[in-house]
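Right, one structure below, let's go through it.
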There are 2 protein chains.
Amino acid sequence: MKAELALQEPAPLRARRLGIHTQYEAVVFMRTDCHVCRSEGLTAHSRVLLLAGGREVLATLYQVSSDLLSTDEIGLSESAWSRLGADEGAAVYVRHPERVESFSRVRARLFGNRLGDQDFAPILSDVSSGRYSDIELAAFITGTSAFPLDEAETVALTRSMVEVGDRLVWPGGTVVDKHCVGGLPGNRTTPIVVAIVAAHGLTMPKTSSRAITSPAGTADTMETMAPVDLTIEQIRRVVEEESGCIVWGGAVRLSPADDVLIRVERALDLDSEGQLVASVMSKKIAAGSSHLVLDLPVGPTAKIRSEAAAIALSNRLSAVATAFGLRSRIVLTDGAQPVGRGIGPALEAHDVLRVLQLSANAPIDLKERACALAGALLELGGRAQEGAGQQLAARTLEDGRAWAKFQRICEAQGGMRVPPTARQRSPILASSTGVVLSIDNRRIAKLAKLAGAPDAKAAGVELHVRLGDPVAVGEALCTVHAQTPGELRYAMDYASSGAAIFQIGD
Amino acid sequence: MKAELALQEPAPLRARRLGIHTQYEAVVFMRTDCHVCRSEGLTAHSRVLLLAGGREVLATLYQVSSDLLSTDEIGLSESAWSRLGADEGAAVYVRHPERVESFSRVRARLFGNRLGDQDFAPILSDVSSGRYSDIELAAFITGTSAFPLDEAETVALTRSMVEVGDRLVWPGGTVVDKHCVGGLPGNRTTPIVVAIVAAHGLTMPKTSSRAITSPAGTADTMETMAPVDLTIEQIRRVVEEESGCIVWGGAVRLSPADDVLIRVERALDLDSEGQLVASVMSKKIAAGSSHLVLDLPVGPTAKIRSEAAAIALSNRLSAVATAFGLRSRIVLTDGAQPVGRGIGPALEAHDVLRVLQLSANAPIDLKERACALAGALLELGGRAQEGAGQQLAARTLEDGRAWAKFQRICEAQGGMRVPPTARQRSPILASSTGVVLSIDNRRIAKLAKLAGAPDAKAAGVELHVRLGDPVAVGEALCTVHAQTPGELRYAMDYASSGAAIFQIGD
């Protein structure tokens with residue numbers, strides 16, 4: 001009987017690129033009445049396995065009952081299209097997939113089992129290669145928050161996140177790095193820190209991110225002063241010549257699973273300690289760092305809101321660093337208000353340049369923070385005695401060595417640029433007389449984004465006051481910068497809608 | 001300054017129904033380069049708030065970079081379309097939504113807080129009205145599994161699930177119900193149980209579901225014998241006339257949030273005890289039941305795999321029943337193999353009819369299970385002495401009262417029908433001689449689905465052997481029934497692909 005029945009597979013569908021962006025998740029569209037849906041008993045939201053030209057992709061199915069597609073077509077989202085690498089009209093076979101095997105380990109953890117390297121490795125491998133659906137990712141993230149990762153699990157998760165991506169190796173033993181955990185608007189110390197420590201010959205190959213939810217990432221700010229979109233070979237050459245660089249990390253796949261998880265963490269507004277630690281440390285380990293300074297801003301509207309939370313997080317970060325042989329130092333900093341005056345790529349670049357160029361109006365807080373962090377790196381990296389790092393860093397700024405190094409780094413990255421300035425500006429005025437009692441970091445960031453940052457490089461917010469400053473009614477608290485009148489109006493609407501960005505009182 | 005700046009909202013987009021089915025989640029499609037995405041800074045996978053004609057809908061955004069849409073259009077999935085109630089071309093305003101407020105309570109629970117009525121009520125209200133994204137649903141489900149619901153939380157969750165839906169009230173104090181927790185193929189006792197207890201005048205307004213992942217739901221099976229798609233008024237009339245009914249529950253919204261959650265639980269293959277209990281009990285309480293018998297099949301390939309698990313679940317179910325004033329009894333049954341002979345809507349209906357009609361070849365196991373459950377209800381409902389219920393149930397079958405009542409119920413529901421039979425049949429033969437050691441419930445169910453069940457009513461599997469039966473090589477173990485040769489071949493391919501449905505040994 002078996003001999004009569006050759007294994008039948010439904011005829012393939014023709015690939016059609018729909019140009020639909022779904023972020024990470026591969027999504028496909030098939031007609032409800034196509035022969036595959038009918039014979040396979042597929043329903044909307046089924047997971048399906050696509051096969052074309054020797055490649056396999058797991059995708060989520062949405063069904064179509066309109067003439068958007070014909071019954072012999074399969075529509076592919078951009079992520080499905082790129083993973084499958086198919087051509088328009090190519091034959092795509094569709095099957096019921098086996099359940100992703102590693103998800104059984106996630107499920108085991110949801111029922112109380114702890115996980116080890118042998119569990120995290122296949123999970124992270126499947127996550128980074130796009131085999132998890134969004135709800136499976138949400139289950140992994142939520143399950144490791146509701147029943148928190150312990151230290152051993154955090155180490156194992158970090159290791160697996162490193163191993164699924166690229167890993168950089170630099171000549172020489174000491175590679176320094178810094179990282180700020182949790183956004184504080186305007187906290188753009190990195191270009192200054194790199195310039196100072198590279199001036200002392202320490203290797204600091206800094207790969208930075210672009211803004212995802214903030215008004216500016218370090219890569220966005222740096223891009224207004226020099227090219228940041230370098231290949232790995234170009235990065236190596238810059239670091240070889242100048243000891244340091246400040247580039248966008250897009251050319252290297254450091255901890256790619258982290259990028260996948262972060263997207264869902266952000267959608268859930270959920271960032272557990274274990275995940276945060278694994279996220280930070282996996283990128284640093286993959287980047288080849290040996291010495292690391294972590295900046296933890298603490299404040300009521302910062303990511304870390306209490307000293308107790310900062311200490312718990314510090315302990316976990318240090319423990320994981322030690323487990324991977326990294327020397328680390330954690331610096332708790334004041335997160336009560338934005339740093340410097342500018343918020344937005346070019347406005348922050350102007351602050352950075354004022355500090356490096358020793359301008360009379362350089363923001364003193366940005367300078368001091370940069371010197372504290374650079375000083376810690378100089379001590380960690382053996383360029384300064386314990387306790388003498390910050391002073392050495394300040395001297396390196398004051399004698400012009402940092403500014404000279406920064407210019408050479410910019411030239412090595414492709415040539416120095418002048419950050420743009422915005423044509424459209426409008427002040428936000430104090431509605432009463434008194435003292436500045438609080439500045440809301442989150443709302444200032446939102447205001448800058450509404451004005452067009454980070455896409456509009458010159459857009460953002462320029463602060464005129466700091467906590468404790470006395471202000472008179474009608475005095476400008478900040479100025480909104482925008483590139484178009486529409487964006488300016490948009491930001492000003494938000495400011496006038498009652499969102500309490502500044503608190504003025506007695 | 002504020003006076004100059006009228007609150008600006010981007011111009012609306014034109015609604016376009018795309019005919020895309022996404023199950024629960026409302027999804028919208030907008031051009032990456034449309035004015036709303038640009039001015040609002042929306043990215044793929046953003047959550048957006050849609051406003052049209054006084055209605056608001058929260059949706060997930062996918063962006064389109066092709067000519068699938070024009071830049072002044074917004075494409076709506078079917079769920080977005082129906083919730084928004086818009087017309088083709090209607091003006092749809094799109095805004096950044098506030099985060100769903102109740103999700104902060106889910107997040108609090110992920111950080112270790114227990115939840116009460118005041119938390120579950122807004123969560124379940126938002127879930128049932130479609131305000132949670134799929135990943136937010138996954139977070140709720142996962143978080144209440146990884147850190148399990150305690151008894152008080154299970155009661156609170158159950159209450160909130162009841163309150164967001166319809167609630168039925170029946171005349172008279174005693175309303176009996178039965179429920180089987182966890183699928184066992186062919187376990188179609190409900191029509192028999194209703195006929196027996198209704199014959200004794202007990203009120204049993206049974207609303208059943210259609211199959212979602214199984215080869216047949218009670219509503220699918222019953223539909224081959226009588227109409228089941230009744231309005232709430234028709235249901236009331238049938239119950240008034242005949243004490244009982246067996247209808248599809250689609251006319252009433254009993255615990256609608258449960259339907260939403262179950263979909264994601266299924267995708268994650270995650271069904272924690274607390275959620276299972278709240279799911280079952282919320283439907284029963286909403287249906288107005290006062291006395292409840294629960295059938296818990298226990299077996300190696302059943303949903304409940306050990307007696308310890310069954311007892312833990314029983315305790316939680318009983319505790320919640322008591323909290324809501326329900327009298328309940330739990331019956332642990334043998335879940336080692338399918339019940340009866342047929343698996344699939346019509347094949348199961350034939351088994352039901354054989355039992356009711358006292359046929360010589362009626363499946364004895366189905367009859368005994370139905371009598372055990374009906375007997376428990378007769379005792380709970382005061383129609384039999386403690387311990388005498390099962391015997392009374394058997395007598396009610398044997399003297400023809402149950403069959404007479406069943407026919408009257410079918411007539412009241414719109415007229416009795418004869419279940420169809422399949423044209424295409426093929427046996428699966430034993431490949432060795434020995435004794436049937438095991439029958440895999442899940443694989444048998446899959447075989448029946450591949451043959452076309454439940455959509456093809458006559459399709460499914462007819463079992464010829466039971467555990468312990470001796471079989472000779474070449475003897476038929478079961479027969480696959482299908483409505484088309486293609487579907488028959490499809491199921492037979494699965495059977496011949498090495499999937500071990502039957503184990504034959506010494």
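Chain lettering (A, B, ...) mirrors the order of the structure tokens, residue numbering begins at 1 for each chain separately, and ligand numbering begins at 1 in order of display.
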Against chain B, which residues of chain A fall within 7 Å? For each one I want the closest pair of atoms and the distance in Å (one decimal), counting only C-alpha atoms, rows by chain and increasing residue number, as CSV.
residue,atom,partner,partner_atom,distance
A:Lys2,CA,B:Ser496,CA,6.2
A:Leu5,CA,B:Asp493,CA,6.6
A:Leu7,CA,B:Asp493,CA,5.8
A:Gln8,CA,B:Tyr490,CA,6.9
A:Leu18,CA,B:Ser66,CA,6.6
A:Gly19,CA,B:Ser66,CA,5.0
A:Ile20,CA,B:Val64,CA,4.4
A:His21,CA,B:Gln63,CA,5.0
A:Thr22,CA,B:Tyr62,CA,5.4
A:Gln23,CA,B:Ala44,CA,5.9
A:Ala44,CA,B:Thr22,CA,5.6
A:His45,CA,B:Thr22,CA,6.1
A:Tyr62,CA,B:Thr22,CA,5.4
A:Gln63,CA,B:His21,CA,5.0
A:Val64,CA,B:Ile20,CA,4.4
A:Ser65,CA,B:Gly19,CA,5.1
A:Ser66,CA,B:Gly19,CA,5.0
A:Leu110,CA,B:Ala146,CA,4.2
A:Phe111,CA,B:Ala146,CA,5.9
A:Gly112,CA,B:Ala146,CA,6.6
A:Asp134,CA,B:Ile135,CA,6.4
A:Ile135,CA,B:Ile135,CA,5.0
A:Glu136,CA,B:Leu268,CA,6.6
A:Ala138,CA,B:Ile135,CA,5.6
A:Ala139,CA,B:Thr142,CA,5.5
A:Thr142,CA,B:Ala139,CA,5.5
A:Gly143,CA,B:Ala146,CA,5.5
A:Ser145,CA,B:Leu110,CA,6.0
A:Ala146,CA,B:Leu110,CA,4.2
A:Phe147,CA,B:Ala146,CA,5.8
A:Leu268,CA,B:Glu136,CA,6.6
A:Arg489,CA,B:Leu5,CA,6.8
A:Tyr490,CA,B:Gln8,CA,6.9
A:Asp493,CA,B:Leu7,CA,5.9
A:Ser496,CA,B:Lys2,CA,6.2
Near range 163-173 of chain A, counting only C-alpha atoms, which residues have an atom at most 8 Å away, once you skip same-chain residues fewer than 6 positions from it, shown as a ChimeraX atom specification? /A:121,124-125,128,252-257,285-288,290
Write out as a ChimeraX atom specification all residues of range 46-156 of chain B that backbone DSSP assigns to strand (DSSP E). /B:47-52,55-64,73-76,91-95
Create the file for the chosen residues now, containing N, CA and C atoms and written as a compact mmCIF listing (two decimals), in the first residue's frame.
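Below is the file that was written, again-v1.txt:
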# COMPACT_ATOMS: atom_id res chain seq x y z
N ARG B 47 3.02 50.97 17.58
CA ARG B 47 1.59 50.90 17.86
C ARG B 47 1.00 52.26 17.48
N VAL B 48 -0.15 52.26 16.83
CA VAL B 48 -0.78 53.51 16.43
C VAL B 48 -2.24 53.52 16.88
N LEU B 49 -2.74 54.72 17.10
CA LEU B 49 -4.14 54.90 17.46
C LEU B 49 -4.87 55.43 16.24
N LEU B 50 -5.90 54.70 15.81
CA LEU B 50 -6.69 55.12 14.65
C LEU B 50 -7.98 55.76 15.14
N LEU B 51 -8.40 56.83 14.50
CA LEU B 51 -9.66 57.47 14.84
C LEU B 51 -10.46 57.67 13.57
N ALA B 52 -11.71 57.21 13.59
CA ALA B 52 -12.58 57.41 12.43
C ALA B 52 -14.02 57.32 12.90
N ARG B 55 -14.91 56.36 16.46
CA ARG B 55 -14.34 55.14 17.05
C ARG B 55 -12.82 55.23 17.13
N GLU B 56 -12.28 54.52 18.10
CA GLU B 56 -10.83 54.46 18.27
C GLU B 56 -10.38 53.01 18.23
N VAL B 57 -9.30 52.75 17.55
CA VAL B 57 -8.74 51.38 17.52
C VAL B 57 -7.22 51.48 17.66
N LEU B 58 -6.67 50.64 18.52
CA LEU B 58 -5.22 50.51 18.64
C LEU B 58 -4.75 49.45 17.66
N ALA B 59 -3.72 49.73 16.92
CA ALA B 59 -3.26 48.77 15.92
C ALA B 59 -1.74 48.75 15.85
N THR B 60 -1.23 47.67 15.27
CA THR B 60 0.20 47.55 15.01
C THR B 60 0.45 47.99 13.57
N LEU B 61 1.48 48.78 13.37
CA LEU B 61 1.77 49.33 12.05
C LEU B 61 2.83 48.52 11.33
N TYR B 62 2.54 48.12 10.11
CA TYR B 62 3.57 47.65 9.21
C TYR B 62 3.72 48.71 8.13
N GLN B 63 4.95 48.94 7.70
CA GLN B 63 5.16 49.96 6.68
C GLN B 63 5.36 49.33 5.33
N VAL B 64 4.98 50.08 4.31
CA VAL B 64 5.00 49.60 2.94
C VAL B 64 5.86 50.54 2.11
N GLU B 73 -3.16 56.64 1.59
CA GLU B 73 -4.03 55.54 2.01
C GLU B 73 -3.50 54.87 3.28
N ILE B 74 -4.41 54.27 4.03
CA ILE B 74 -4.04 53.39 5.13
C ILE B 74 -4.77 52.07 4.90
N GLY B 75 -3.99 50.99 4.79
CA GLY B 75 -4.58 49.67 4.57
C GLY B 75 -4.92 49.03 5.90
N LEU B 76 -6.12 48.45 5.99
CA LEU B 76 -6.55 47.87 7.27
C LEU B 76 -6.72 46.36 7.15
N ALA B 91 -12.09 58.89 6.13
CA ALA B 91 -10.93 59.58 6.70
C ALA B 91 -10.53 58.91 8.01
N VAL B 92 -9.27 58.48 8.08
CA VAL B 92 -8.74 57.86 9.30
C VAL B 92 -7.59 58.72 9.82
N TYR B 93 -7.75 59.20 11.04
CA TYR B 93 -6.68 59.96 11.68
C TYR B 93 -5.79 58.99 12.44
N VAL B 94 -4.49 59.24 12.40
CA VAL B 94 -3.53 58.32 13.03
C VAL B 94 -2.71 59.10 14.04
N ARG B 95 -2.64 58.60 15.27
CA ARG B 95 -1.86 59.27 16.31
C ARG B 95 -0.95 58.28 17.02
Which residues are near range 198-210 of chain A? Cut-off 9 Å, only C-alpha atoms, ignore same chain within fewer than 6 positions. Put them as a PDB file with N, CA and C atoms, in the first residue's frame.
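Written file, out-v8.pdb:
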ATOM      1  N   TRP A 170      41.877  42.660  18.689  1.00  0.00           N
ATOM      2  CA  TRP A 170      42.754  43.801  18.417  1.00  0.00           C
ATOM      3  C   TRP A 170      44.168  43.451  18.831  1.00  0.00           C
ATOM      4  N   GLY A 172      47.669  43.779  20.692  1.00  0.00           N
ATOM      5  CA  GLY A 172      47.998  44.342  22.011  1.00  0.00           C
ATOM      6  C   GLY A 172      46.989  43.886  23.032  1.00  0.00           C
ATOM      7  N   THR A 174      45.625  45.584  25.801  1.00  0.00           N
ATOM      8  CA  THR A 174      44.676  46.460  26.477  1.00  0.00           C
ATOM      9  C   THR A 174      43.755  47.147  25.472  1.00  0.00           C
ATOM     10  N   VAL A 175      42.481  46.861  25.564  1.00  0.00           N
ATOM     11  CA  VAL A 175      41.482  47.518  24.724  1.00  0.00           C
ATOM     12  C   VAL A 175      40.427  48.105  25.665  1.00  0.00           C
ATOM     13  N   VAL A 176      40.338  49.434  25.710  1.00  0.00           N
ATOM     14  CA  VAL A 176      39.427  50.049  26.667  1.00  0.00           C
ATOM     15  C   VAL A 176      38.094  50.409  26.001  1.00  0.00           C
ATOM     16  N   ASP A 177      37.070  50.511  26.814  1.00  0.00           N
ATOM     17  CA  ASP A 177      35.744  50.853  26.299  1.00  0.00           C
ATOM     18  C   ASP A 177      34.966  51.531  27.410  1.00  0.00           C
ATOM     19  N   LYS A 178      33.981  52.288  27.044  1.00  0.00           N
ATOM     20  CA  LYS A 178      33.067  52.837  28.034  1.00  0.00           C
ATOM     21  C   LYS A 178      31.643  52.600  27.548  1.00  0.00           C
ATOM     22  N   THR A 190      31.270  60.321  24.925  1.00  0.00           N
ATOM     23  CA  THR A 190      32.127  59.382  24.199  1.00  0.00           C
ATOM     24  C   THR A 190      33.192  60.026  23.306  1.00  0.00           C
ATOM     25  N   ALA A 216      19.147  61.239  19.881  1.00  0.00           N
ATOM     26  CA  ALA A 216      20.456  61.131  19.231  1.00  0.00           C
ATOM     27  C   ALA A 216      21.220  59.961  19.815  1.00  0.00           C
ATOM     28  N   GLY A 217      21.888  59.192  18.944  1.00  0.00           N
ATOM     29  CA  GLY A 217      22.852  58.203  19.397  1.00  0.00           C
ATOM     30  C   GLY A 217      24.238  58.789  19.176  1.00  0.00           C
ATOM     31  N   THR A 218      25.243  58.176  19.773  1.00  0.00           N
ATOM     32  CA  THR A 218      26.597  58.697  19.589  1.00  0.00           C
ATOM     33  C   THR A 218      26.967  58.695  18.104  1.00  0.00           C
ATOM     34  N   ALA A 219      26.535  57.669  17.371  1.00  0.00           N
ATOM     35  CA  ALA A 219      26.851  57.616  15.942  1.00  0.00           C
ATOM     36  C   ALA A 219      26.191  58.772  15.194  1.00  0.00           C
ATOM     37  N   ASP A 220      24.972  59.139  15.583  1.00  0.00           N
ATOM     38  CA  ASP A 220      24.281  60.263  14.930  1.00  0.00           C
ATOM     39  C   ASP A 220      25.033  61.573  15.180  1.00  0.00           C
ATOM     40  N   THR A 221      25.447  61.773  16.433  1.00  0.00           N
ATOM     41  CA  THR A 221      26.174  63.004  16.780  1.00  0.00           C
ATOM     42  C   THR A 221      27.521  63.054  16.069  1.00  0.00           C
ATOM     43  N   ILE A 235      37.867  50.644   9.833  1.00  0.00           N
ATOM     44  CA  ILE A 235      37.929  50.830  11.289  1.00  0.00           C
ATOM     45  C   ILE A 235      39.314  50.415  11.797  1.00  0.00           C
ATOM     46  N   ARG A 236      39.789  49.264  11.320  1.00  0.00           N
ATOM     47  CA  ARG A 236      41.099  48.762  11.761  1.00  0.00           C
ATOM     48  C   ARG A 236      42.220  49.754  11.424  1.00  0.00           C
ATOM     49  N   VAL A 238      41.947  53.048  10.990  1.00  0.00           N
ATOM     50  CA  VAL A 238      41.848  54.247  11.836  1.00  0.00           C
ATOM     51  C   VAL A 238      42.428  53.964  13.214  1.00  0.00           C
ATOM     52  N   VAL A 239      42.082  52.813  13.775  1.00  0.00           N
ATOM     53  CA  VAL A 239      42.534  52.486  15.130  1.00  0.00           C
ATOM     54  C   VAL A 239      44.052  52.268  15.144  1.00  0.00           C
ATOM     55  N   GLU A 240      44.549  51.652  14.077  1.00  0.00           N
ATOM     56  CA  GLU A 240      45.991  51.435  13.973  1.00  0.00           C
ATOM     57  C   GLU A 240      46.733  52.768  13.946  1.00  0.00           C
ATOM     58  N   GLU A 242      45.448  55.915  14.854  1.00  0.00           N
ATOM     59  CA  GLU A 242      45.124  56.927  15.866  1.00  0.00           C
ATOM     60  C   GLU A 242      44.780  56.346  17.236  1.00  0.00           C
ATOM     61  N   SER A 243      44.864  55.041  17.406  1.00  0.00           N
ATOM     62  CA  SER A 243      44.521  54.329  18.643  1.00  0.00           C
ATOM     63  C   SER A 243      43.016  54.262  18.912  1.00  0.00           C
ATOM     64  N   GLY A 244      42.280  55.268  18.446  1.00  0.00           N
ATOM     65  CA  GLY A 244      40.833  55.263  18.718  1.00  0.00           C
ATOM     66  C   GLY A 244      40.013  55.617  17.504  1.00  0.00           C
ATOM     67  N   CYS A 245      38.726  55.318  17.592  1.00  0.00           N
ATOM     68  CA  CYS A 245      37.772  55.724  16.564  1.00  0.00           C
ATOM     69  C   CYS A 245      36.423  55.916  17.239  1.00  0.00           C
ATOM     70  N   ILE A 246      35.512  56.587  16.559  1.00  0.00           N
ATOM     71  CA  ILE A 246      34.120  56.695  17.013  1.00  0.00           C
ATOM     72  C   ILE A 246      33.282  56.469  15.766  1.00  0.00           C
ATOM     73  N   VAL A 247      32.844  55.206  15.574  1.00  0.00           N
ATOM     74  CA  VAL A 247      32.147  54.837  14.331  1.00  0.00           C
ATOM     75  C   VAL A 247      30.822  54.156  14.659  1.00  0.00           C
ATOM     76  N   TRP A 248      30.021  54.027  13.626  1.00  0.00           N
ATOM     77  CA  TRP A 248      28.761  53.303  13.755  1.00  0.00           C
ATOM     78  C   TRP A 248      29.059  51.799  13.747  1.00  0.00           C
ATOM     79  N   GLY A 249      28.379  51.036  14.608  1.00  0.00           N
ATOM     80  CA  GLY A 249      28.650  49.608  14.733  1.00  0.00           C
ATOM     81  C   GLY A 249      28.013  48.735  13.666  1.00  0.00           C
ATOM     82  N   GLY A 250      27.419  49.357  12.648  1.00  0.00           N
ATOM     83  CA  GLY A 250      26.648  48.593  11.660  1.00  0.00           C
ATOM     84  C   GLY A 250      27.465  47.618  10.834  1.00  0.00           C
ATOM     85  N   VAL A 252      29.724  45.601  11.832  1.00  0.00           N
ATOM     86  CA  VAL A 252      30.025  44.347  12.514  1.00  0.00           C
ATOM     87  C   VAL A 252      28.768  43.842  13.216  1.00  0.00           C
ATOM     88  N   ALA A 287      33.212  42.979  21.213  1.00  0.00           N
ATOM     89  CA  ALA A 287      34.028  44.049  20.629  1.00  0.00           C
ATOM     90  C   ALA A 287      35.499  43.906  20.997  1.00  0.00           C
ATOM     91  N   SER A 289      36.855  44.124  24.106  1.00  0.00           N
ATOM     92  CA  SER A 289      37.320  44.997  25.190  1.00  0.00           C
ATOM     93  C   SER A 289      37.968  44.189  26.307  1.00  0.00           C
ATOM     94  N   LEU A 377      39.336  55.307  32.892  1.00  0.00           N
ATOM     95  CA  LEU A 377      39.958  54.466  31.862  1.00  0.00           C
ATOM     96  C   LEU A 377      41.480  54.603  31.883  1.00  0.00           C
ATOM     97  N   LEU A 378      41.967  55.812  32.098  1.00  0.00           N
ATOM     98  CA  LEU A 378      43.423  56.015  32.158  1.00  0.00           C
ATOM     99  C   LEU A 378      44.015  55.236  33.333  1.00  0.00           C
ATOM    100  N   GLY A 381      43.703  51.472  32.511  1.00  0.00           N
ATOM    101  CA  GLY A 381      44.613  51.102  31.417  1.00  0.00           C
ATOM    102  C   GLY A 381      46.073  51.350  31.746  1.00  0.00           C
ATOM    103  N   ARG A 383      47.669  54.184  32.577  1.00  0.00           N
ATOM    104  CA  ARG A 383      48.266  55.443  32.144  1.00  0.00           C
ATOM    105  C   ARG A 383      48.272  56.492  33.266  1.00  0.00           C
ATOM    106  N   THR A 396      44.835  66.797  29.717  1.00  0.00           N
ATOM    107  CA  THR A 396      44.904  66.399  28.309  1.00  0.00           C
ATOM    108  C   THR A 396      43.946  67.236  27.458  1.00  0.00           C
ATOM    109  N   ARG A 401      45.834  68.475  23.656  1.00  0.00           N
ATOM    110  CA  ARG A 401      46.141  67.166  23.059  1.00  0.00           C
ATOM    111  C   ARG A 401      44.866  66.423  22.623  1.00  0.00           C
ATOM    112  N   ALA A 402      43.811  66.538  23.433  1.00  0.00           N
ATOM    113  CA  ALA A 402      42.566  65.838  23.100  1.00  0.00           C
ATOM    114  C   ALA A 402      41.965  66.407  21.811  1.00  0.00           C
ATOM    115  N   ALA A 404      43.527  67.938  19.405  1.00  0.00           N
ATOM    116  CA  ALA A 404      44.380  67.536  18.285  1.00  0.00           C
ATOM    117  C   ALA A 404      44.095  66.083  17.897  1.00  0.00           C
ATOM    118  N   LYS A 405      43.984  65.224  18.895  1.00  0.00           N
ATOM    119  CA  LYS A 405      43.703  63.804  18.615  1.00  0.00           C
ATOM    120  C   LYS A 405      42.337  63.646  17.953  1.00  0.00           C
ATOM    121  N   PHE A 406      41.342  64.396  18.461  1.00  0.00           N
ATOM    122  CA  PHE A 406      40.003  64.277  17.891  1.00  0.00           C
ATOM    123  C   PHE A 406      40.010  64.661  16.414  1.00  0.00           C
ATOM    124  N   PRO A 454      16.318  62.279  15.569  1.00  0.00           N
ATOM    125  CA  PRO A 454      17.681  62.453  15.076  1.00  0.00           C
ATOM    126  C   PRO A 454      17.779  62.558  13.544  1.00  0.00           C
TER     127      PRO A 454
END
All residues 7 Å or closer to Ile330 in chain A, only C-alpha atoms, same chain fewer than 5 positions away omitted, as a list in words: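 Once the nearby chain positions are removed, what remains is Val293, Leu294, Asp295 and Ser314 of chain A.
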Write out as JSON, numbers by chain the residues lying within 10 Å of Ala346 in chain A, counting only C-alpha atoms and excluding same-chain residues fewer than 4 positions away. {"A": [216, 220, 221, 222, 223, 224, 225, 342, 350, 351, 352, 418, 419, 420, 421, 422, 453, 454, 456, 457, 458, 459, 460]}
CA of Ile439 in chain A to CA of Phe502 in chain A, straight-line distance in Å: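 Taking CA of Phe502 in chain A as the start and CA of Ile439 in chain A as the end point, the length is 4.8 Å.
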